[in-house]
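One structure is given below, encoded as structure tokens.
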Amino acid sequence: MEEIQERLLGNSKKGRLEKIGKSISFICIAIIVCVVASILYFVTSKGLSTFFVDDVSFWNFLTSSVWSPGNVGEDGQPLVGALPMITGSFLVTLLSAVLATPFAIGAAIFMTEISPSTGKRVLQPVVELLVGIPSVVYGFIGLTVIVPFVRSIFGGTGFGILSSTFVLFVMILPTVTSMAVDALNSVPRHYREASLAMGATRWQTIYKVVLRSAMPGLLTAVVFGMARAFGEALAVQMVIGNAALMPGSLVTPASTLTSILTMSMGNTVMGTLENNVLWSLALILMVMALFFNILTRWIGKKGAMK
Amino acid sequence: MTITKLSKLTLTLGAGLALAACGADSSSSGSSENAEGFDTSQTINVISREDGSGTRGAFTEITGVLVSEGDTETDNTYSGATIQNSTSGVMTTVAGDPASIGYISLGSLDDSIKAVTIEGVEATAETVQDSSYAIARPFNIAHNGELSEVAEDFWSYIMSAEGQEIVVGEGYVEAVTDAPAYEATEGMSGNISVVGSTSVTPVMEVLVEEYTALNPEVTIDITSNGSSAGMTAAMDGSADIGMASRELKDEELDVLTAEPLAIDGIAVVVNPENTIEDLTMEQVKQIFTGEVTTWDEVSK
């Protein structure tokens with residue numbers, strides 16, 4: 001009897017293994033949480049030091065359109081207006097998403113509804129290949145193909161928001177397409193069957209039933225694409241022109257938060273105002289990443305409620 | 001949002017995109033092509049280097065684009081200029097755009113672009129040496145006073161007769177005229193980190209190649225990321241040697257020991273299709289500050 005009791009209460013080999021497994025999982029999760037928390041803390045503290053250490057007006061930083069961190073304005077405030085970069089980032093993100101969405105959803109419809117076999121055999125490998133191309137390659141193609149193309153049509157240097165939009169359009173297309181395919185595949189088969197049984201044509205079924213049911217998933221795909229576009233640095237930096245100016249048109253040199261960061265970070269000394277304002281730009285990028293994340297979750301929740 | 005609304009939004013934004021793009025200030029409508037077929041009424045597309053670039057620092061200072069008032073310095077580079085963060089970036093852009101103008105290290109000049117003469121003086125190693133070409137600056141190397149034995153040996157190689165011969169061979173002007181011969185030390189080994197100017201990098205790569213041929217056990221890593229980054233790395237000790245394509249700033253000289261390894265000209269470059277052959281220093285300044293915006297203003 002005592003032997004049985006001991007065996008039941010004592011640590012078995014399986015029990016020990018389970019404890020070890022749990023401990024390892026907990027340690028891994030703790031490390032991930034610590035890394036994320038420390039990144040958040042580091043970027044936030046560095047980013048806010050522009051306002052609390054260097055006494056730069058937060059309002060000026062967000063609304064002024066003059067970016068020249070080494071110089072001081074008439075009011076004695078450093079010329080660190082981030083508005084041109086914020087505007088540039090939002091413009092390239094929105095325009096590339098607007099361009100990519102119809103193409104991506106069209107491709108997804110073809111791959112799931114019209115010709116799944118061809119989609120699997122031809123389109124899917126192409127989409128996967130596009131995902132694997134490094135951003136520097138996209139940037140280089142942009143520099144040698146898109147910039148001269150834009151220049152020949154619209155004049156100017158060819159560098160600017162429009163060139164960046166075209167590059168980002170190709171870059172986010174596979175992301176949006178693959179997620180849109182998943183969204184369309186998740187629509188239950190009986191929805192389609194019921195629609196067709198009611199006498200709807202195939203296109204009516206796709207348009208009125210499948211797309212509407214998949215709408216939360218499709219919106220999530222677009223938001224993910226926008227998040228990718230917003231955070232892209234190298235490819236954009238190569239084709240946007242990097243002029244810290246409010247974009248006057250789509251074909252004049254402009255800049256984004258990421259392009260200014262990649263251009264300037266190596267040329268500043270830690271702790272100086274010039275360095276701190278770059279961390280402030282990084283903080284804006286991080287806040288935007290968080291915003292896209294929250295937006296994705298919100299869309300997902302709304303979709304689940306329906 | 002319904003599908004109809006989504007498609008309408010896409011169409012509206014697409015139309016807006018096309019219209020906005022058309023609103024650009026493209027080349028002037030009243031074209032005035034000259035005999036060679038270059039349209040001088042085109043807007044000048046200014047290509048500059050990034051803040052922190054030694055080439056930009058030297059160029060703006062020499063041409064008067066950088067204005068000093070007491071302790072404050074204001075860089076008046078045209079705010080609408082396209083910014084490139086490397087010598088090759090400027091070269092690629094100028095080579096691809098007939099209406100553009102930029103500036104690069106003379107040693108990096110090739111056939112894809114054309115250097116204009118300044119005040120009638122061609123940019124060559126000879127004109128830089130005799131000081132007739134005005135836009136020239138030193139290539140400096142710097143360290144924070146704590147060089148390892150192997151880094152010190154490499155430094156002495158750069159400043160030796162052999163090192164300076166390489167400098168001249170690469171199209172630059174030697175910084176040390178009566179340089180001593182290099183005396184190789186037996187069994188030299190270790191790692192050296194060299195960081196800085198994208199303009200100094202080409203000559204540094206050749207120096208590294210020749211030095212490591214003499215000392216096979218030595219590994220030298222070159223990081224090409226701009227003069228200011230190089231000086232920062234040398235100051236904080238993350239690099240053994242920093243490279244700068246400009247004079248060092250006072251705050252850098254407080255910490256660093258520097259020596260010029262070469263004298264280099266800065267060539268003002270245009271596309272080969274451009275028929276402009278000569279510019280005055282004043283015209284260069286006006287172009288790069290945005291005072292002059294079309295080619296016909298400087299082609300008279």
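Following the order of the structure tokens, first chain is A, next is B, and so on, with residues numbered from 1 inside each chain and ligands from 1 in the order they appear.
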(request) Find the residues near Ala99 (chain B): any atom within 7 Å, counting only C-alpha atoms, skip ones fewer than 6 places away on the same chain, and give them as number ranges by chain. (result) B: 42-45
(request) Select residues of chain A: the criterion is any atom within 9 Å of an atom of chain B, counting only C-alpha atoms; output as a PyMOL selection string. (result) chain A and resi 68+70-72+95+98-99+101-102+143-144+148+151+154-159+162+207-208+211-212+215+237-238+240-245+248-254+263-269
(request) Find, counting only C-alpha atoms, the residue in A:Leu91, A:Ile260, A:Leu273, A:Val187 that gets nearest to Met226 (chain A). (result)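 Smallest separation from Met226 (chain A) among the options: A:Leu91.
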(request) Could you please determine the separation between CA of Glu113 (chain A) and CA of Met171 (chain A) in Å, to one decimal place? (result)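 Computing the Euclidean distance for CA of Glu113 (chain A) and CA of Met171 (chain A) yields 24.2 Å.
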(message) Just want the 8 Å neighbourhood of region 57-65 of chain A, counted on only C-alpha atoms, with same-chain residues fewer than 3 positions away dropped. Output as a VMD selection string.
(response) chain A and resid 51 77 80 to 84 245 to 246
Go ahead and save the picked residues with N, CA and C atoms, as an mmCIF file, in the first residue's frame.
```
data_model
loop_
_atom_site.group_PDB
_atom_site.id
_atom_site.type_symbol
_atom_site.label_atom_id
_atom_site.label_comp_id
_atom_site.auth_asym_id
_atom_site.auth_seq_id
_atom_site.Cartn_x
_atom_site.Cartn_y
_atom_site.Cartn_z
ATOM 1 N N PHE A 51 12.365 65.501 -26.487
ATOM 2 C CA PHE A 51 11.425 66.462 -25.901
ATOM 3 C C PHE A 51 11.755 66.798 -24.447
ATOM 4 N N GLN A 77 14.529 77.349 -31.494
ATOM 5 C CA GLN A 77 14.222 75.909 -31.499
ATOM 6 C C GLN A 77 14.966 75.218 -32.647
ATOM 7 N N VAL A 80 13.605 70.683 -36.449
ATOM 8 C CA VAL A 80 13.403 69.229 -36.526
ATOM 9 C C VAL A 80 11.933 68.886 -36.782
ATOM 10 N N GLY A 81 11.389 69.441 -37.849
ATOM 11 C CA GLY A 81 9.998 69.147 -38.210
ATOM 12 C C GLY A 81 9.900 67.832 -38.953
ATOM 13 N N ALA A 82 9.197 66.877 -38.367
ATOM 14 C CA ALA A 82 9.103 65.537 -38.967
ATOM 15 C C ALA A 82 7.919 65.384 -39.914
ATOM 16 N N LEU A 83 7.142 66.444 -40.092
ATOM 17 C CA LEU A 83 5.936 66.346 -40.924
ATOM 18 C C LEU A 83 6.208 65.855 -42.351
ATOM 19 N N PRO A 84 7.268 66.330 -43.029
ATOM 20 C CA PRO A 84 7.514 65.830 -44.391
ATOM 21 C C PRO A 84 7.708 64.316 -44.443
ATOM 22 N N LEU A 245 11.474 67.270 -47.608
ATOM 23 C CA LEU A 245 10.551 68.330 -48.031
ATOM 24 C C LEU A 245 9.130 67.808 -48.026
ATOM 25 N N MET A 246 8.167 68.702 -47.799
ATOM 26 C CA MET A 246 6.765 68.308 -47.961
ATOM 27 C C MET A 246 6.565 67.945 -49.431
#
```
(request) List the neighbours of region 141-154 of chain B out to 6 Å using only C-alpha atoms; skip same-chain residues closer than 2 positions along the sequence, and give me the result as a list in words. (result)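 Non-adjacent residues within range: Ser156, Tyr157, Ile192, Ala234, Met235, Ile241, Gly242, Met243, Leu256, Thr257, Ala258 and Glu259 of chain B.
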(request) Mind the document's chain letters and residue numbers, and return as a PyMOL selection string the residues of region 23-270 of chain B that DSSP labels alpha helix (DSSP H). (result) chain B and resi 54-63+87-96+125-129+149-158+161-169+201-214+227-236+250-253
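Taking CA of Leu130 (chain A) and CA of Val239 (chain A) as endpoints, the distance between them is 19.0 Å.
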(request) Could you give me, as a VMD selection string, the residues within 9 Å of region 131-136 of chain A, counting only C-alpha atoms and dropping anything in the same chain fewer than 5 positions from it? (result) chain A and resid 126 141 171 to 175 232 to 236 238
(request) Tell me, as a list in words, which residues lie within 7 Å of region 107-122 of chain B, counting only C-alpha atoms; anything in the same chain fewer than 4 positions away does not count. (result) Met91, Val94, Ala95, Ser132, Tyr133, Glu170, Gly171, Tyr172, Ala267, Val268, Val269, Val270, Asn271, Pro272, Glu277, Asp278, Leu279, Thr280 and Met281 of chain B
So that I have them on file, write out the residues from the current selection with all heavy atoms, as a CSV table (one decimal), in the first residue's frame.
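Produced file again.csv, reproduced below:
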```csv
chain,number,residue,atom,x,y,z
B,91,MET,N,26.9,58.8,-58.8
B,91,MET,CA,27.3,58.5,-60.2
B,91,MET,C,26.2,57.8,-61.0
B,91,MET,O,25.9,58.2,-62.1
B,91,MET,CB,28.5,57.6,-60.1
B,91,MET,CG,29.8,58.3,-59.7
B,91,MET,SD,31.1,57.2,-59.3
B,91,MET,CE,31.6,56.7,-61.0
B,94,VAL,N,23.4,60.5,-61.8
B,94,VAL,CA,23.8,61.5,-62.8
B,94,VAL,C,23.9,60.8,-64.2
B,94,VAL,O,23.5,61.3,-65.2
B,94,VAL,CB,25.1,62.2,-62.4
B,94,VAL,CG1,25.6,63.0,-63.5
B,94,VAL,CG2,24.9,63.0,-61.1
B,95,ALA,N,24.5,59.6,-64.2
B,95,ALA,CA,24.6,58.8,-65.4
B,95,ALA,C,23.3,58.5,-66.1
B,95,ALA,O,23.2,58.4,-67.3
B,95,ALA,CB,25.4,57.5,-65.2
B,132,SER,N,45.6,74.8,-58.8
B,132,SER,CA,44.8,75.6,-59.7
B,132,SER,C,43.3,75.2,-59.8
B,132,SER,O,42.5,76.0,-60.1
B,132,SER,CB,45.4,75.5,-61.1
B,132,SER,OG,45.5,74.2,-61.6
B,133,TYR,N,43.1,73.9,-59.4
B,133,TYR,CA,41.7,73.4,-59.3
B,133,TYR,C,41.3,73.7,-57.9
B,133,TYR,O,41.9,73.2,-56.9
B,133,TYR,CB,41.6,72.0,-59.7
B,133,TYR,CG,40.2,71.5,-59.7
B,133,TYR,CD1,39.3,71.8,-60.7
B,133,TYR,CD2,39.7,70.7,-58.6
B,133,TYR,CE1,38.0,71.3,-60.7
B,133,TYR,CE2,38.4,70.2,-58.7
B,133,TYR,CZ,37.5,70.6,-59.7
B,133,TYR,OH,36.2,70.1,-59.7
B,170,GLU,N,46.4,55.5,-58.1
B,170,GLU,CA,44.9,55.5,-58.1
B,170,GLU,C,44.3,56.8,-58.5
B,170,GLU,O,43.1,57.0,-58.5
B,170,GLU,CB,44.3,55.1,-56.7
B,170,GLU,CG,44.6,53.7,-56.3
B,170,GLU,CD,43.9,52.7,-57.3
B,170,GLU,OE1,42.7,52.8,-57.5
B,170,GLU,OE2,44.7,51.9,-57.8
B,171,GLY,N,45.2,57.8,-58.9
B,171,GLY,CA,44.7,59.1,-59.4
B,171,GLY,C,44.5,60.2,-58.4
B,171,GLY,O,43.9,61.2,-58.7
B,172,TYR,N,45.1,60.0,-57.2
B,172,TYR,CA,45.1,61.0,-56.2
B,172,TYR,C,46.4,61.7,-56.1
B,172,TYR,O,47.4,61.3,-56.7
B,172,TYR,CB,44.7,60.4,-54.9
B,172,TYR,CG,43.4,59.7,-54.9
B,172,TYR,CD1,43.3,58.3,-55.1
B,172,TYR,CD2,42.2,60.4,-54.7
B,172,TYR,CE1,42.1,57.6,-55.1
B,172,TYR,CE2,41.0,59.7,-54.7
B,172,TYR,CZ,41.0,58.3,-54.9
B,172,TYR,OH,39.8,57.6,-55.0
B,267,ALA,N,35.1,66.5,-58.1
B,267,ALA,CA,34.7,66.8,-59.5
B,267,ALA,C,33.2,67.1,-59.5
B,267,ALA,O,32.4,66.4,-58.9
B,267,ALA,CB,34.9,65.6,-60.4
B,268,VAL,N,32.8,68.2,-60.2
B,268,VAL,CA,31.4,68.5,-60.4
B,268,VAL,C,31.0,67.8,-61.7
B,268,VAL,O,31.6,68.0,-62.7
B,268,VAL,CB,31.2,70.0,-60.5
B,268,VAL,CG1,29.7,70.4,-60.8
B,268,VAL,CG2,31.6,70.7,-59.2
B,269,VAL,N,30.0,66.9,-61.5
B,269,VAL,CA,29.7,66.0,-62.7
B,269,VAL,C,28.3,66.2,-63.2
B,269,VAL,O,27.4,66.5,-62.5
B,269,VAL,CB,30.0,64.5,-62.3
B,269,VAL,CG1,31.4,64.2,-62.0
B,269,VAL,CG2,29.1,64.1,-61.0
B,270,VAL,N,28.3,66.0,-64.5
B,270,VAL,CA,27.0,66.1,-65.2
B,270,VAL,C,26.9,64.8,-66.2
B,270,VAL,O,27.9,64.1,-66.3
B,270,VAL,CB,26.8,67.4,-66.1
B,270,VAL,CG1,26.8,68.6,-65.2
B,270,VAL,CG2,28.0,67.5,-67.1
B,271,ASN,N,25.7,64.7,-66.7
B,271,ASN,CA,25.5,63.6,-67.7
B,271,ASN,C,26.3,63.9,-69.0
B,271,ASN,O,26.3,65.0,-69.4
B,271,ASN,CB,24.0,63.5,-68.0
B,271,ASN,CG,23.6,62.3,-68.8
B,271,ASN,OD1,23.8,62.3,-70.0
B,271,ASN,ND2,23.1,61.2,-68.1
B,272,PRO,N,26.8,62.8,-69.6
B,272,PRO,CA,27.6,63.1,-70.9
B,272,PRO,C,26.8,63.8,-72.0
B,272,PRO,O,27.3,64.4,-72.8
B,272,PRO,CB,28.0,61.7,-71.3
B,272,PRO,CG,28.0,60.9,-70.1
B,272,PRO,CD,26.9,61.4,-69.2
B,277,GLU,N,30.2,72.7,-70.4
B,277,GLU,CA,31.6,72.3,-70.3
B,277,GLU,C,32.2,73.0,-69.1
B,277,GLU,O,33.1,72.4,-68.5
B,277,GLU,CB,32.4,72.6,-71.6
B,277,GLU,CG,31.9,71.8,-72.8
B,277,GLU,CD,32.0,70.3,-72.7
B,277,GLU,OE1,32.9,69.9,-71.9
B,277,GLU,OE2,31.3,69.6,-73.4
B,278,ASP,N,31.8,74.2,-68.8
B,278,ASP,CA,32.5,75.0,-67.8
B,278,ASP,C,31.5,75.7,-66.9
B,278,ASP,O,30.5,76.2,-67.4
B,278,ASP,CB,33.5,76.0,-68.4
B,278,ASP,CG,34.3,76.8,-67.4
B,278,ASP,OD1,35.1,76.2,-66.7
B,278,ASP,OD2,34.1,78.0,-67.3
B,279,LEU,N,31.9,75.8,-65.6
B,279,LEU,CA,31.1,76.6,-64.7
B,279,LEU,C,32.0,77.4,-63.8
B,279,LEU,O,33.1,77.0,-63.5
B,279,LEU,CB,30.2,75.6,-63.8
B,279,LEU,CG,29.1,74.8,-64.4
B,279,LEU,CD1,28.6,73.8,-63.4
B,279,LEU,CD2,27.9,75.7,-64.8
B,280,THR,N,31.5,78.5,-63.4
B,280,THR,CA,32.3,79.3,-62.4
B,280,THR,C,31.9,78.8,-61.0
B,280,THR,O,30.9,78.2,-60.8
B,280,THR,CB,31.9,80.8,-62.5
B,280,THR,OG1,30.6,81.0,-62.1
B,280,THR,CG2,32.2,81.3,-63.9
B,281,MET,N,32.7,79.2,-60.0
B,281,MET,CA,32.4,78.8,-58.6
B,281,MET,C,31.1,79.4,-58.2
B,281,MET,O,30.4,78.8,-57.5
B,281,MET,CB,33.6,79.3,-57.7
B,281,MET,CG,34.8,78.4,-57.8
B,281,MET,SD,34.6,76.8,-57.0
B,281,MET,CE,35.2,77.1,-55.4
```
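Checking A:Ala104, A:Ala183, A:Ile153, A:Ala194 one by one against Phe169 (chain A), counting only C-alpha atoms, you find the shortest gap at A:Ala104.
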(request) Find the distance between CA of Leu196 (chain A) and CA of Val122 (chain A) and write it in Å to one decimal. (result) 27.5 Å
(request) Do a neighbour search on Ala181 (chain B) at 8 Å with only C-alpha atoms, toss out local chain neighbours closer than 2 positions, and write the hits as a PyMOL selection string. (result) chain B and resi 160-162+179+183
Convert the current residue selection to file output with all heavy atoms, as a PDB file, in the first residue's frame.
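Heads up, here's the output in out_11.pdb:
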```
ATOM      1  N   SER B 160      54.026  55.297 -46.032  1.00  0.00           N
ATOM      2  CA  SER B 160      55.346  54.983 -46.601  1.00  0.00           C
ATOM      3  C   SER B 160      55.395  55.320 -48.090  1.00  0.00           C
ATOM      4  O   SER B 160      54.368  55.643 -48.701  1.00  0.00           O
ATOM      5  CB  SER B 160      55.639  53.493 -46.411  1.00  0.00           C
ATOM      6  OG  SER B 160      54.789  52.729 -47.257  1.00  0.00           O
ATOM      7  N   ALA B 161      56.573  55.209 -48.667  1.00  0.00           N
ATOM      8  CA  ALA B 161      56.758  55.476 -50.104  1.00  0.00           C
ATOM      9  C   ALA B 161      55.887  54.535 -50.935  1.00  0.00           C
ATOM     10  O   ALA B 161      55.274  54.952 -51.926  1.00  0.00           O
ATOM     11  CB  ALA B 161      58.226  55.305 -50.473  1.00  0.00           C
ATOM     12  N   GLU B 162      55.805  53.269 -50.492  1.00  0.00           N
ATOM     13  CA  GLU B 162      54.997  52.276 -51.216  1.00  0.00           C
ATOM     14  C   GLU B 162      53.507  52.636 -51.161  1.00  0.00           C
ATOM     15  O   GLU B 162      52.802  52.552 -52.168  1.00  0.00           O
ATOM     16  CB  GLU B 162      55.204  50.871 -50.619  1.00  0.00           C
ATOM     17  CG  GLU B 162      56.568  50.269 -50.895  1.00  0.00           C
ATOM     18  CD  GLU B 162      57.642  50.695 -49.885  1.00  0.00           C
ATOM     19  OE1 GLU B 162      57.450  51.696 -49.158  1.00  0.00           O
ATOM     20  OE2 GLU B 162      58.666  50.024 -49.836  1.00  0.00           O
ATOM     21  N   ALA B 179      58.294  60.371 -48.450  1.00  0.00           N
ATOM     22  CA  ALA B 179      57.897  59.295 -47.535  1.00  0.00           C
ATOM     23  C   ALA B 179      58.999  58.248 -47.408  1.00  0.00           C
ATOM     24  O   ALA B 179      59.665  57.917 -48.389  1.00  0.00           O
ATOM     25  CB  ALA B 179      56.625  58.640 -48.046  1.00  0.00           C
ATOM     26  N   GLU B 183      59.136  49.230 -43.950  1.00  0.00           N
ATOM     27  CA  GLU B 183      59.938  48.108 -43.445  1.00  0.00           C
ATOM     28  C   GLU B 183      59.004  47.087 -42.817  1.00  0.00           C
ATOM     29  O   GLU B 183      58.451  47.314 -41.735  1.00  0.00           O
ATOM     30  CB  GLU B 183      60.961  48.607 -42.415  1.00  0.00           C
ATOM     31  CG  GLU B 183      62.076  49.438 -43.054  1.00  0.00           C
ATOM     32  CD  GLU B 183      62.960  50.118 -42.016  1.00  0.00           C
ATOM     33  OE1 GLU B 183      62.963  49.668 -40.858  1.00  0.00           O
ATOM     34  OE2 GLU B 183      63.631  51.105 -42.374  1.00  0.00           O
TER      35      GLU B 183
END
```
